[in-house]
file start03.cif (mmCIF, C-alpha atoms)
data_start
loop_
_atom_site.label_atom_id
_atom_site.label_comp_id
_atom_site.auth_asym_id
_atom_site.auth_seq_id
_atom_site.Cartn_x
_atom_site.Cartn_y
_atom_site.Cartn_z
CA MET F 1 -19.11 13.87 -12.55
CA THR F 2 -19.21 12.11 -9.18
CA LEU F 3 -16.99 9.55 -7.51
CA GLN F 4 -19.69 7.00 -8.32
CA ASP F 5 -19.21 7.76 -12.02
CA ILE F 6 -15.51 6.92 -11.71
CA LEU F 7 -16.23 3.75 -9.73
CA ALA F 8 -18.72 2.68 -12.40
CA ALA F 9 -16.14 3.43 -15.09
CA ARG F 10 -13.70 1.12 -13.34
CA GLU F 11 -16.23 -1.71 -13.60
CA ARG F 12 -16.69 -1.07 -17.32
CA LEU F 13 -12.95 -1.05 -17.90
CA ALA F 14 -12.36 -4.36 -16.11
CA GLY F 15 -10.75 -6.74 -18.56
CA VAL F 16 -10.23 -3.96 -21.13
CA ALA F 17 -7.79 -1.46 -19.64
CA LEU F 18 -4.79 -2.78 -17.74
CA HIS F 19 -4.25 -2.07 -14.07
CA THR F 20 -0.82 -0.63 -14.84
CA PRO F 21 2.17 -1.18 -12.53
CA LEU F 22 3.18 1.22 -9.77
CA VAL F 23 6.91 0.72 -9.30
CA TYR F 24 9.52 2.12 -6.93
CA SER F 25 12.39 4.09 -8.48
CA GLN F 26 15.60 3.88 -6.50
CA THR F 27 17.34 6.32 -8.85
CA LEU F 28 14.69 9.05 -8.64
CA SER F 29 14.37 8.53 -4.90
CA ARG F 30 18.11 9.06 -4.49
CA MET F 31 18.17 12.05 -6.82
CA SER F 32 15.22 13.80 -5.17
CA GLY F 33 15.78 12.79 -1.55
CA ARG F 34 12.33 11.28 -1.18
CA GLU F 35 10.49 8.02 -1.85
CA VAL F 36 9.38 8.01 -5.50
CA PHE F 37 7.09 5.65 -7.40
CA LEU F 38 6.20 5.62 -11.10
CA LYS F 39 2.66 4.92 -12.33
CA LEU F 40 3.49 3.27 -15.67
CA GLU F 41 0.58 4.20 -17.88
CA ASN F 42 2.98 3.98 -20.83
CA LEU F 43 2.41 0.22 -20.49
CA GLN F 44 -1.35 0.65 -20.93
CA THR F 45 -2.98 -0.90 -23.99
CA THR F 46 -2.37 1.53 -26.90
CA GLY F 47 0.57 3.02 -24.97
CA SER F 48 -1.23 5.74 -23.01
CA PHE F 49 -4.02 6.48 -20.54
CA LYS F 50 -6.39 7.58 -23.33
CA LEU F 51 -8.02 4.15 -23.63
CA ARG F 52 -9.63 4.61 -20.20
CA GLY F 53 -11.70 7.64 -21.12
CA ALA F 54 -12.39 6.54 -24.69
CA PHE F 55 -13.74 3.13 -23.71
CA ASN F 56 -15.89 4.51 -20.91
CA ARG F 57 -17.44 7.08 -23.27
CA LEU F 58 -18.06 4.57 -26.07
CA ALA F 59 -19.46 1.89 -23.76
CA LEU F 60 -21.99 4.35 -22.35
CA LEU F 61 -22.83 5.60 -25.84
CA GLN F 62 -23.46 2.06 -27.03
CA GLY F 63 -25.48 1.19 -23.94
CA ARG F 64 -27.78 4.16 -24.53
CA GLY F 65 -28.17 3.30 -28.19
CA GLU F 66 -26.88 6.69 -29.34
CA GLY F 67 -25.15 5.45 -32.47
CA THR F 68 -22.82 2.93 -34.04
CA ARG F 69 -20.39 5.30 -35.79
CA VAL F 70 -17.87 7.52 -33.99
CA VAL F 71 -15.30 10.05 -35.13
CA ALA F 72 -12.30 11.59 -33.39
CA ALA F 73 -9.66 14.11 -34.38
CA SER F 74 -6.22 13.23 -33.11
CA ALA F 75 -2.54 13.34 -33.91
CA GLY F 76 -1.83 10.27 -31.78
CA ASN F 77 -2.87 8.90 -28.41
CA HIS F 78 -6.56 9.86 -28.39
CA GLY F 79 -7.05 8.39 -31.84
CA GLN F 80 -5.49 5.11 -30.79
CA GLY F 81 -7.65 4.97 -27.67
CA VAL F 82 -10.86 5.58 -29.62
CA ALA F 83 -9.86 3.15 -32.37
CA HIS F 84 -9.11 0.35 -29.92
CA ALA F 85 -12.25 0.99 -27.84
CA ALA F 86 -14.44 1.06 -30.95
CA GLY F 87 -12.91 -2.19 -32.14
CA ARG F 88 -13.64 -3.86 -28.80
CA LEU F 89 -17.25 -2.69 -28.88
CA GLY F 90 -17.91 -3.39 -32.55
CA LEU F 91 -18.40 0.27 -33.48
CA GLU F 92 -17.31 1.93 -36.71
CA ALA F 93 -14.61 4.54 -36.09
CA VAL F 94 -13.04 7.23 -38.23
CA ILE F 95 -9.89 8.92 -36.94
CA VAL F 96 -9.12 12.21 -38.66
CA MET F 97 -5.42 13.03 -38.45
CA PRO F 98 -3.36 15.92 -39.83
CA ARG F 99 -1.44 15.03 -42.99
CA GLY F 100 1.82 15.35 -41.11
CA ALA F 101 0.80 12.94 -38.34
CA SER F 102 3.31 10.27 -37.43
CA ILE F 103 3.18 7.32 -39.84
CA SER F 104 3.55 4.88 -36.95
CA LYS F 105 0.51 6.43 -35.20
CA GLN F 106 -1.52 6.31 -38.41
CA MET F 107 -0.67 2.62 -38.72
CA ALA F 108 -1.52 1.99 -35.07
CA CYS F 109 -5.01 3.50 -35.44
CA ALA F 110 -5.60 1.47 -38.60
CA SER F 111 -4.40 -1.72 -36.92
CA TYR F 112 -7.23 -1.41 -34.36
CA GLY F 113 -9.77 -1.41 -37.20
CA ALA F 114 -10.42 2.31 -37.57
CA GLN F 115 -10.55 4.18 -40.84
CA VAL F 116 -7.79 6.80 -40.85
CA ARG F 117 -8.59 9.94 -42.78
CA LEU F 118 -5.83 12.51 -43.35
CA HIS F 119 -7.01 16.10 -43.52
CA GLY F 120 -5.40 19.49 -43.03
CA GLU F 121 -2.01 20.60 -41.87
CA ASP F 122 -2.66 20.70 -38.13
CA LEU F 123 -5.04 19.32 -35.50
CA SER F 124 -7.44 22.27 -35.72
CA GLN F 125 -8.05 21.52 -39.41
CA ALA F 126 -8.46 17.82 -38.66
CA LEU F 127 -11.02 18.80 -36.02
CA GLU F 128 -12.99 20.77 -38.61
CA GLU F 129 -13.22 17.66 -40.78
CA ALA F 130 -14.32 15.56 -37.79
CA ARG F 131 -17.11 18.05 -37.13
CA VAL F 132 -18.23 17.69 -40.77
CA LEU F 133 -18.56 13.94 -40.20
CA GLU F 134 -20.47 14.65 -37.00
CA GLN F 135 -23.06 16.48 -39.10
CA GLN F 136 -23.30 13.33 -41.24
CA GLY F 137 -24.35 11.16 -38.31
CA TYR F 138 -21.09 10.22 -36.59
CA VAL F 139 -20.82 10.76 -32.82
CA PHE F 140 -17.88 13.05 -32.06
CA ILE F 141 -15.62 11.83 -29.24
CA HIS F 142 -13.78 14.70 -27.57
CA PRO F 143 -10.32 13.89 -26.20
CA TYR F 144 -10.82 15.62 -22.83
CA ASP F 145 -13.79 18.02 -22.70
CA ASP F 146 -16.40 15.36 -21.90
CA PRO F 147 -17.52 14.26 -18.40
CA GLU F 148 -17.64 10.58 -19.37
CA VAL F 149 -14.13 10.70 -20.80
CA VAL F 150 -12.93 12.46 -17.64
CA ALA F 151 -14.57 9.80 -15.45
CA GLY F 152 -12.74 7.07 -17.35
CA GLN F 153 -9.40 8.82 -16.84
CA GLY F 154 -10.19 9.08 -13.13
CA THR F 155 -9.85 5.32 -12.73
CA LEU F 156 -6.09 5.89 -12.76
CA GLY F 157 -6.41 7.71 -9.41
CA LEU F 158 -8.27 4.78 -7.88
CA GLU F 159 -5.48 2.42 -8.94
CA ILE F 160 -2.84 4.60 -7.29
CA LEU F 161 -4.74 4.46 -4.00
CA ASP F 162 -5.30 0.71 -4.34
CA ASP F 163 -1.57 0.09 -4.76
CA LEU F 164 -0.17 2.79 -2.45
CA PRO F 165 -2.75 3.93 0.14
CA ARG F 166 -0.12 5.99 2.00
CA VAL F 167 0.69 8.17 -1.02
CA ALA F 168 1.40 11.78 -0.01
CA THR F 169 1.76 13.54 -3.38
CA VAL F 170 0.87 12.78 -6.99
CA LEU F 171 2.39 14.65 -9.94
CA LEU F 172 0.60 14.36 -13.27
CA PRO F 173 0.68 16.13 -16.64
CA VAL F 174 -1.99 18.63 -17.69
CA GLY F 175 -2.95 19.41 -21.27
CA GLY F 176 -6.66 19.68 -21.93
CA GLY F 177 -7.19 18.57 -18.34
CA GLY F 178 -9.13 15.32 -18.68
CA LEU F 179 -6.55 13.07 -17.02
CA ALA F 180 -5.68 15.59 -14.33
CA ALA F 181 -9.31 16.43 -13.50
CA GLY F 182 -10.47 12.83 -13.25
CA THR F 183 -7.43 11.58 -11.37
CA ALA F 184 -7.24 14.51 -8.95
CA PHE F 185 -10.97 14.28 -8.20
CA ALA F 186 -10.77 10.53 -7.53
CA LEU F 187 -7.79 11.05 -5.24
CA LYS F 188 -9.25 13.97 -3.29
CA GLU F 189 -12.67 12.35 -2.87
CA THR F 190 -11.08 9.19 -1.52
CA LYS F 191 -8.12 10.63 0.40
CA PRO F 192 -8.60 14.39 0.96
CA ASP F 193 -5.13 14.98 2.41
CA VAL F 194 -3.24 13.77 -0.68
CA ARG F 195 -1.42 16.56 -2.50
CA VAL F 196 -1.95 16.74 -6.26
CA VAL F 197 0.34 18.78 -8.51
CA GLY F 198 -0.39 19.45 -12.17
CA VAL F 199 2.56 19.80 -14.54
CA GLN F 200 2.55 21.79 -17.77
CA ALA F 201 5.14 22.64 -20.38
CA ALA F 202 6.31 26.21 -19.78
CA ARG F 203 5.76 26.88 -23.48
CA VAL F 204 2.01 26.17 -23.21
CA PRO F 205 0.85 27.37 -19.75
CA SER F 206 -2.89 27.18 -20.46
CA LEU F 207 -3.92 26.04 -16.97
CA VAL F 208 -1.82 28.71 -15.27
CA ALA F 209 -3.57 31.34 -17.38
CA ALA F 210 -6.98 29.82 -16.62
CA LEU F 211 -6.38 29.78 -12.87
CA GLU F 212 -5.24 33.40 -12.92
CA ARG F 213 -8.40 34.52 -14.74
CA GLY F 214 -10.82 32.07 -13.12
CA GLU F 215 -11.88 30.56 -16.45
CA PRO F 216 -10.27 28.80 -19.42
CA GLN F 217 -7.99 31.11 -21.40
CA ARG F 218 -6.38 30.47 -24.78
CA VAL F 219 -2.60 30.80 -24.86
CA GLU F 220 -0.07 30.45 -27.64
CA ALA F 221 0.66 26.77 -28.26
CA ARG F 222 4.38 26.93 -28.88
CA SER F 223 6.33 23.88 -29.98
CA THR F 224 7.29 21.54 -27.13
CA LEU F 225 8.74 18.08 -26.60
CA ALA F 226 5.63 17.39 -24.51
CA ASP F 227 3.34 17.47 -27.54
CA GLY F 228 0.72 15.38 -25.73
CA ILE F 229 -0.02 18.36 -23.45
CA ARG F 230 0.38 21.02 -26.11
CA VAL F 231 -3.20 22.22 -25.66
CA PRO F 232 -3.82 25.99 -25.88
CA VAL F 233 -6.95 26.04 -23.71
CA VAL F 234 -8.08 23.66 -20.94
CA GLY F 235 -11.48 22.02 -21.26
CA ARG F 236 -14.65 23.62 -19.97
CA HIS F 237 -15.73 20.44 -18.16
CA PRO F 238 -12.37 19.60 -16.53
CA PHE F 239 -11.58 23.14 -15.39
CA PRO F 240 -13.80 23.30 -12.25
CA PHE F 241 -12.25 20.04 -11.02
CA LEU F 242 -8.74 21.29 -11.75
CA GLN F 243 -9.51 24.53 -9.94
CA ARG F 244 -10.81 22.67 -6.90
CA CYS F 245 -8.59 19.60 -6.70
CA LEU F 246 -5.08 20.67 -7.78
CA ASP F 247 -2.89 22.06 -5.02
CA GLU F 248 -0.50 23.75 -7.44
CA VAL F 249 0.77 23.79 -11.01
CA ALA F 250 4.44 23.44 -11.96
CA LEU F 251 5.87 24.58 -15.29
CA VAL F 252 8.77 22.66 -16.84
CA GLU F 253 11.28 23.83 -19.43
CA GLU F 254 12.27 21.88 -22.54
CA VAL F 255 15.73 21.05 -21.22
CA ASP F 256 14.17 19.49 -18.11
CA ILE F 257 11.74 17.41 -20.18
CA ALA F 258 14.54 16.06 -22.38
CA ARG F 259 16.61 15.24 -19.31
CA ALA F 260 13.65 13.41 -17.74
CA VAL F 261 13.11 11.30 -20.89
CA LEU F 262 16.79 10.32 -20.76
CA ILE F 263 16.77 9.49 -17.04
CA LEU F 264 13.63 7.35 -17.26
CA LEU F 265 14.97 5.42 -20.24
CA GLU F 266 18.55 5.02 -19.05
CA LYS F 267 18.01 4.44 -15.35
CA LYS F 268 14.59 2.77 -15.20
CA LYS F 269 14.28 1.35 -18.76
CA VAL F 270 11.00 3.26 -19.10
CA LEU F 271 10.20 4.85 -22.45
CA ALA F 272 8.14 7.98 -21.79
CA GLU F 273 6.93 10.50 -24.34
CA GLY F 274 7.51 14.14 -23.46
CA ALA F 275 4.18 14.59 -21.67
CA GLY F 276 4.74 11.37 -19.74
CA ALA F 277 8.16 12.58 -18.60
CA ALA F 278 6.88 16.01 -17.49
CA PRO F 279 6.16 14.98 -13.86
CA THR F 280 9.71 13.61 -13.54
CA ALA F 281 11.00 16.87 -15.01
CA ALA F 282 9.04 18.82 -12.40
CA LEU F 283 10.28 16.68 -9.51
CA LEU F 284 13.92 17.20 -10.50
CA GLY F 285 13.42 20.78 -11.71
CA PRO F 286 11.05 23.39 -10.26
CA LEU F 287 9.90 21.19 -7.36
CA ALA F 288 13.38 20.07 -6.29
CA GLY F 289 13.87 20.59 -2.58
CA ARG F 290 10.19 21.26 -1.95
CA GLY F 291 8.38 19.64 0.98
CA LEU F 292 6.21 17.24 -0.98
CA GLY F 293 6.11 14.52 1.66
CA ASP F 294 6.59 10.79 1.10
CA PRO F 295 5.88 8.86 -0.96
CA VAL F 296 5.53 10.72 -4.27
CA VAL F 297 3.91 9.19 -7.35
CA LEU F 298 4.86 10.37 -10.84
CA VAL F 299 2.30 9.55 -13.53
CA VAL F 300 4.06 8.40 -16.70
CA SER F 301 1.01 9.06 -18.86
CA GLY F 302 2.23 7.58 -22.15
CA GLY F 303 5.13 6.18 -24.12
CA ASN F 304 4.18 6.76 -27.75
CA MET F 305 7.25 8.56 -29.00
CA ASP F 306 8.44 8.05 -32.57
CA ILE F 307 11.92 6.56 -32.82
CA PRO F 308 13.33 9.43 -34.95
CA LEU F 309 12.06 11.96 -32.39
CA LEU F 310 13.40 9.85 -29.52
CA GLU F 311 16.85 9.90 -31.13
CA ARG F 312 16.77 13.71 -31.36
CA VAL F 313 15.54 14.09 -27.78
CA LEU F 314 18.25 11.81 -26.41
CA VAL F 315 21.00 13.59 -28.35
CA ARG F 316 19.75 16.92 -27.01
CA ALA F 317 19.60 15.62 -23.44
CA LEU F 318 23.06 14.05 -23.61
CA SER F 319 24.50 17.25 -25.12
CA ASP F 320 22.87 19.41 -22.44
CA ARG F 321 24.44 17.17 -19.78
CA ARG F 322 27.74 17.36 -21.77
CA ARG F 323 27.83 13.61 -22.08
CA LEU F 324 28.14 14.22 -25.81
CA LEU F 325 30.76 16.69 -27.02
CA ASN F 326 30.87 18.18 -30.50
CA LEU F 327 34.42 19.38 -31.10
CA ARG F 328 36.48 20.78 -33.97
CA VAL F 329 40.20 20.16 -33.67
CA ALA F 330 42.91 21.63 -35.92
CA LEU F 331 45.77 19.24 -36.82
CA PRO F 332 49.08 19.65 -38.62
CA ASP F 333 48.88 17.91 -42.01
CA ARG F 334 51.55 15.34 -41.27
CA PRO F 335 51.50 11.52 -41.21
CA GLY F 336 50.42 10.16 -37.83
CA SER F 337 48.64 13.35 -36.65
CA LEU F 338 45.18 11.78 -36.65
CA GLY F 339 46.47 8.64 -34.95
CA ARG F 340 48.12 10.65 -32.19
CA LEU F 341 44.85 12.55 -31.60
CA ALA F 342 42.88 9.30 -31.36
CA THR F 343 45.44 7.86 -28.94
CA LEU F 344 45.23 10.93 -26.73
CA LEU F 345 41.44 10.73 -26.65
CA GLY F 346 41.61 7.06 -25.76
CA GLU F 347 43.99 7.80 -22.90
CA ALA F 348 41.52 10.44 -21.70
CA GLN F 349 38.80 7.72 -21.77
CA ALA F 350 36.65 9.59 -24.30
CA ASN F 351 34.73 7.40 -26.75
CA ILE F 352 34.80 8.55 -30.39
CA LEU F 353 31.29 8.11 -31.83
CA HIS F 354 31.78 10.08 -35.06
CA LEU F 355 34.81 11.49 -36.87
CA PHE F 356 35.03 13.57 -40.04
CA HIS F 357 38.50 14.45 -41.33
CA ASP F 358 38.44 17.57 -43.52
CA ARG F 359 41.57 18.20 -45.59
CA MET F 360 39.97 20.15 -48.44
CA GLY F 361 38.23 23.06 -46.69
CA ARG F 362 38.98 26.30 -48.53
CA ASP F 363 39.27 28.19 -45.26
CA LEU F 364 42.10 25.89 -44.08
CA PRO F 365 45.79 26.76 -44.44
CA LEU F 366 47.58 24.23 -46.63
CA GLU F 367 49.54 22.81 -43.70
CA ILE F 368 46.45 22.33 -41.47
CA THR F 369 43.59 19.80 -41.51
CA ARG F 370 40.46 19.79 -39.40
CA VAL F 371 38.74 16.98 -37.54
CA GLU F 372 35.11 17.16 -36.41
CA LEU F 373 34.41 14.82 -33.52
CA ILE F 374 31.39 13.58 -31.59
CA LEU F 375 32.68 12.23 -28.27
CA GLU F 376 30.94 10.33 -25.49
CA THR F 377 32.00 11.29 -21.96
CA ARG F 378 30.85 10.34 -18.48
CA ASP F 379 29.66 13.78 -17.36
CA GLN F 380 30.40 17.49 -17.62
CA GLU F 381 33.51 17.27 -15.44
CA HIS F 382 34.94 14.48 -17.59
CA GLY F 383 34.14 16.41 -20.77
CA ASP F 384 35.89 19.51 -19.48
CA ARG F 385 38.98 17.42 -18.64
CA VAL F 386 39.05 15.96 -22.15
CA ILE F 387 39.07 19.45 -23.69
CA GLU F 388 41.75 20.61 -21.27
CA THR F 389 43.86 17.57 -22.15
CA LEU F 390 43.66 18.36 -25.86
CA ARG F 391 44.52 22.01 -25.39
CA ALA F 392 47.39 21.17 -23.06
CA ALA F 393 48.78 18.96 -25.82
CA GLY F 394 48.82 21.98 -28.15
CA TYR F 395 45.66 21.36 -30.14
CA GLN F 396 43.33 24.19 -31.18
CA VAL F 397 39.89 23.05 -29.97
CA GLU F 398 36.52 24.60 -30.79
CA ASP F 399 33.70 23.36 -28.54
CA ARG F 400 30.51 23.33 -30.64
CA THR F 401 28.35 21.35 -28.21
#
call {"tool": "encode", "arguments": {"input": "start03.cif", "output": "C-alpha cells"}}
result
Amino acid sequence: MTLQDILAARERLAGVALHTPLVYSQTLSRMSGREVFLKLENLQTTGSFKLRGAFNRLALLQGRGEGTRVVAASAGNHGQGVAHAAGRLGLEAVIVMPRGASISKQMACASYGAQVRLHGEDLSQALEEARVLEQQGYVFIHPYDDPEVVAGQGTLGLEILDDLPRVATVLLPVGGGGLAAGTAFALKETKPDVRVVGVQAARVPSLVAALERGEPQRVEARSTLADGIRVPVVGRHPFPFLQRCLDEVALVEEVDIARAVLILLEKKKVLAEGAGAAPTAALLGPLAGRGLGDPVVLVVSGGNMDIPLLERVLVRALSDRRRLLNLRVALPDRPGSLGRLATLLGEAQANILHLFHDRMGRDLPLEITRVELILETRDQEHGDRVIETLRAAGYQVEDRT
C-alpha cells in the first residue's frame, strides 16, 4: 500500500462514502484541558467506517473482472459495509453471520440487498462457512487483512487533514488493524509530525502483544463493550504499518468505555458503539494529563449499538458514576411510612425512578417492610448526601449500587 493507493481510493469513494463531520467538543476540551475534535464516522453510510474499505475493495475487484459474487463473515459493521457496497456496484453478496447476531444488524444487511446466511455460534464458525462459499466461486472479502480494504480506510486520515491541517494528535481504535493502519499511514505520509495513538480494549490487547513480539500474536478475546475491536490477532497486512506509524498504544478498561459512551451521548448527542467510544475513554482515562499537544482528534469509528445493549451500558455507566443508586430501605409497617420516605427523598432532590414495596418477604419481621429503590442523583457527592439524610432520619439503608 502506498499513499497513491489511498488517494486513488478517495476518488473511487467520491459520491459513495460521506466526508463525515469533524466537530469541536467543548465538553471534552474542558474535561481534558486541551482542544478536542470528534471525527464522526458514526454518521457514515451504514453507521461505521467499514464502507470505505469494502467499497474500495469491491470496486477494484469489479474493475479487474475478478467476479460478480462476494461473501463476507461478519457480526455487524463489516457485513453492512460489504452489503451496501455490493448493492451500489450491482454485485451479488452473501453475508454469513453467527446465529446469535443482532437482529437489527441482520435486517440492515438484508435491506442493502445482501443474502444473510446464519451459521454457527460465533464469528469463527461463520468464517468457516464463508470459506466454503469461497470454494464455490464467491470472492471472500476480509474485514481488515487486505491491502485494498486498508487503503479505503485510509481515506479517513486524508479527511482529517483536509478539515484540520494543524492537528497534533489523532486517537483511533484498533481491532484487526485495518482502520488504524490505513489512517495512520495516510496521516504520517502527509504530515510526519502528527502523533497517532492506537486504542485497544484492555481485555483484548492483541496489538500490544504483537508489538512486544514483533509479529502478530493471538490473545484471549475476552468479552468487552468494544465488540467492534474484539479481535484476538491483528492482521498480517496492517501490522507493519501499525508498527511503523503508531506512536503508542493505550489500553482502556470497561468502566472507562461505558463512561465514554455516556459522555458522548449526553454531552454531545453522539451515539457511539463501544469501539467508537474507546478513543474518548483513552483521552479521559490512561492518557489524561499526558502531553498530547493541541488539537486532538478522536475517531468515533461507528455508532451501531443495539438499543437493548445501549440501555445496559448507560445503566452501568450511570451506576459507576453513582448517578443511579440502588437502595434497600427498611420501614416500620405503619400507615404513612412510605409517604414519609418519599417526601424525605423529594426534599433531598433525589428522583425516584423505580420503587418496589415488599411486605411479604419471609425474612422480614412482621412489623417491618422493605422498599427497593432506584434513585437518580446529580453525582456521587449528591448520592452520598441522600444516603446520609436517610440514615440520619433513622432508616436502615443498604446500598446495593
call {"tool": "residues_near_point", "arguments": {"input": "start03.cif", "point": "(-14.6, 20.1, -9.0)", "cutoff": "12 Å", "atoms": "only C-alpha atoms", "output": "number ranges by chain"}}
result
F: 1-3, 147, 150, 180-189, 236-246
call {"tool": "atom_distance", "arguments": {"input": "start03.cif", "atom1": "CA of Leu58 in chain F", "atom2": "CA of Leu118 in chain F"}}
result
22.6 Å
call {"tool": "residues_around", "arguments": {"input": "start03.cif", "residues": "Glu273 in chain F", "least_positions_apart": "2", "cutoff": "6 Å", "atoms": "all atoms listed in the file", "output": "list in words"}}
result
Ala275, Gly276, Gly302, Gly303, Asn304 and Met305 of chain F
call {"tool": "atom_distance", "arguments": {"input": "start03.cif", "atom1": "CA of Leu314 in chain F", "atom2": "CA of Ala108 in chain F"}}
result
23.7 Å
call {"tool": "atom_distance", "arguments": {"input": "start03.cif", "atom1": "CA of Pro308 in chain F", "atom2": "CA of Asp227 in chain F"}}
result
14.8 Å
call {"tool": "resolve_selection", "arguments": {"input": "start03.cif", "expression": "the PyMOL selection byres ((chain F and resi 319) around 12)", "output": "JSON, numbers by chain"}}
result
{"F": [255, 258, 259, 262, 312, 313, 314, 315, 316, 317, 318, 320, 321, 322, 323, 324, 325, 326, 327, 374, 375, 376, 377, 378, 379, 380, 383, 399, 400, 401]}
call {"tool": "resolve_selection", "arguments": {"input": "start03.cif", "expression": "the PyMOL selection byres ((chain F and resi 179) around 9)", "output": "ChimeraX atom specification"}}
result
/F:49-50,53,144,149-154,156,172-178,180-184,238,301
call {"tool": "write_last_selection", "arguments": {"input": "start03.cif", "atoms": "C-alpha atoms", "output": "CSV table (one decimal), keeping the file's coordinate frame"}}
result
chain,number,residue,atom,x,y,z
F,49,PHE,CA,-4.0,6.5,-20.5
F,50,LYS,CA,-6.4,7.6,-23.3
F,53,GLY,CA,-11.7,7.6,-21.1
F,144,TYR,CA,-10.8,15.6,-22.8
F,149,VAL,CA,-14.1,10.7,-20.8
F,150,VAL,CA,-12.9,12.5,-17.6
F,151,ALA,CA,-14.6,9.8,-15.4
F,152,GLY,CA,-12.7,7.1,-17.4
F,153,GLN,CA,-9.4,8.8,-16.8
F,154,GLY,CA,-10.2,9.1,-13.1
F,156,LEU,CA,-6.1,5.9,-12.8
F,172,LEU,CA,0.6,14.4,-13.3
F,173,PRO,CA,0.7,16.1,-16.6
F,174,VAL,CA,-2.0,18.6,-17.7
F,175,GLY,CA,-3.0,19.4,-21.3
F,176,GLY,CA,-6.7,19.7,-21.9
F,177,GLY,CA,-7.2,18.6,-18.3
F,178,GLY,CA,-9.1,15.3,-18.7
F,180,ALA,CA,-5.7,15.6,-14.3
F,181,ALA,CA,-9.3,16.4,-13.5
F,182,GLY,CA,-10.5,12.8,-13.2
F,183,THR,CA,-7.4,11.6,-11.4
F,184,ALA,CA,-7.2,14.5,-9.0
F,238,PRO,CA,-12.4,19.6,-16.5
F,301,SER,CA,1.0,9.1,-18.9
call {"tool": "decode", "arguments": {"input": "start03.cif", "residues": "range 270-317 of chain F", "atoms": "C-alpha atoms", "output": "PDB file, in the first residue's frame"}}
result
ATOM      1  CA  VAL F 270     -23.333  11.432  19.662  1.00  0.00           C
ATOM      2  CA  LEU F 271     -24.258   7.746  19.740  1.00  0.00           C
ATOM      3  CA  ALA F 272     -21.033   5.737  19.680  1.00  0.00           C
ATOM      4  CA  GLU F 273     -20.682   1.980  19.919  1.00  0.00           C
ATOM      5  CA  GLY F 274     -18.067   0.727  22.371  1.00  0.00           C
ATOM      6  CA  ALA F 275     -15.233   0.673  19.843  1.00  0.00           C
ATOM      7  CA  GLY F 276     -16.161   4.159  18.654  1.00  0.00           C
ATOM      8  CA  ALA F 277     -16.057   5.463  22.230  1.00  0.00           C
ATOM      9  CA  ALA F 278     -12.666   3.866  23.001  1.00  0.00           C
ATOM     10  CA  PRO F 279     -10.576   6.914  21.946  1.00  0.00           C
ATOM     11  CA  THR F 280     -12.666   9.144  24.232  1.00  0.00           C
ATOM     12  CA  ALA F 281     -12.167   6.603  27.019  1.00  0.00           C
ATOM     13  CA  ALA F 282      -8.406   6.759  26.465  1.00  0.00           C
ATOM     14  CA  LEU F 283      -8.316  10.556  26.460  1.00  0.00           C
ATOM     15  CA  LEU F 284     -10.147  10.755  29.786  1.00  0.00           C
ATOM     16  CA  GLY F 285      -8.531   7.616  31.234  1.00  0.00           C
ATOM     17  CA  PRO F 286      -4.965   6.382  30.656  1.00  0.00           C
ATOM     18  CA  LEU F 287      -3.925   9.419  28.596  1.00  0.00           C
ATOM     19  CA  ALA F 288      -5.332  12.039  30.976  1.00  0.00           C
ATOM     20  CA  GLY F 289      -2.732  14.659  31.779  1.00  0.00           C
ATOM     21  CA  ARG F 290      -0.375  13.496  29.032  1.00  0.00           C
ATOM     22  CA  GLY F 291       1.320  15.995  26.728  1.00  0.00           C
ATOM     23  CA  LEU F 292      -0.587  15.195  23.550  1.00  0.00           C
ATOM     24  CA  GLY F 293      -0.468  18.695  22.099  1.00  0.00           C
ATOM     25  CA  ASP F 294      -3.348  20.601  20.510  1.00  0.00           C
ATOM     26  CA  PRO F 295      -5.627  19.940  18.818  1.00  0.00           C
ATOM     27  CA  VAL F 296      -6.543  16.294  19.418  1.00  0.00           C
ATOM     28  CA  VAL F 297      -8.889  14.340  17.147  1.00  0.00           C
ATOM     29  CA  LEU F 298     -10.873  11.383  18.481  1.00  0.00           C
ATOM     30  CA  VAL F 299     -12.131   9.000  15.803  1.00  0.00           C
ATOM     31  CA  VAL F 300     -15.688   7.892  16.590  1.00  0.00           C
ATOM     32  CA  SER F 301     -15.471   4.885  14.293  1.00  0.00           C
ATOM     33  CA  GLY F 302     -19.085   3.707  14.455  1.00  0.00           C
ATOM     34  CA  GLY F 303     -22.467   4.031  16.109  1.00  0.00           C
ATOM     35  CA  ASN F 304     -24.145   0.679  15.502  1.00  0.00           C
ATOM     36  CA  MET F 305     -25.127  -0.252  19.028  1.00  0.00           C
ATOM     37  CA  ASP F 306     -28.317  -2.212  19.665  1.00  0.00           C
ATOM     38  CA  ILE F 307     -30.839  -0.355  21.806  1.00  0.00           C
ATOM     39  CA  PRO F 308     -31.065  -3.129  24.467  1.00  0.00           C
ATOM     40  CA  LEU F 309     -27.265  -3.113  24.808  1.00  0.00           C
ATOM     41  CA  LEU F 310     -27.208   0.689  24.909  1.00  0.00           C
ATOM     42  CA  GLU F 311     -29.667   0.632  27.805  1.00  0.00           C
ATOM     43  CA  ARG F 312     -27.434  -1.768  29.760  1.00  0.00           C
ATOM     44  CA  VAL F 313     -24.297   0.259  29.017  1.00  0.00           C
ATOM     45  CA  LEU F 314     -25.905   3.505  30.145  1.00  0.00           C
ATOM     46  CA  VAL F 315     -27.228   1.969  33.361  1.00  0.00           C
ATOM     47  CA  ARG F 316     -23.755   0.613  34.109  1.00  0.00           C
ATOM     48  CA  ALA F 317     -22.116   3.967  33.394  1.00  0.00           C
TER      49      ALA F 317
END
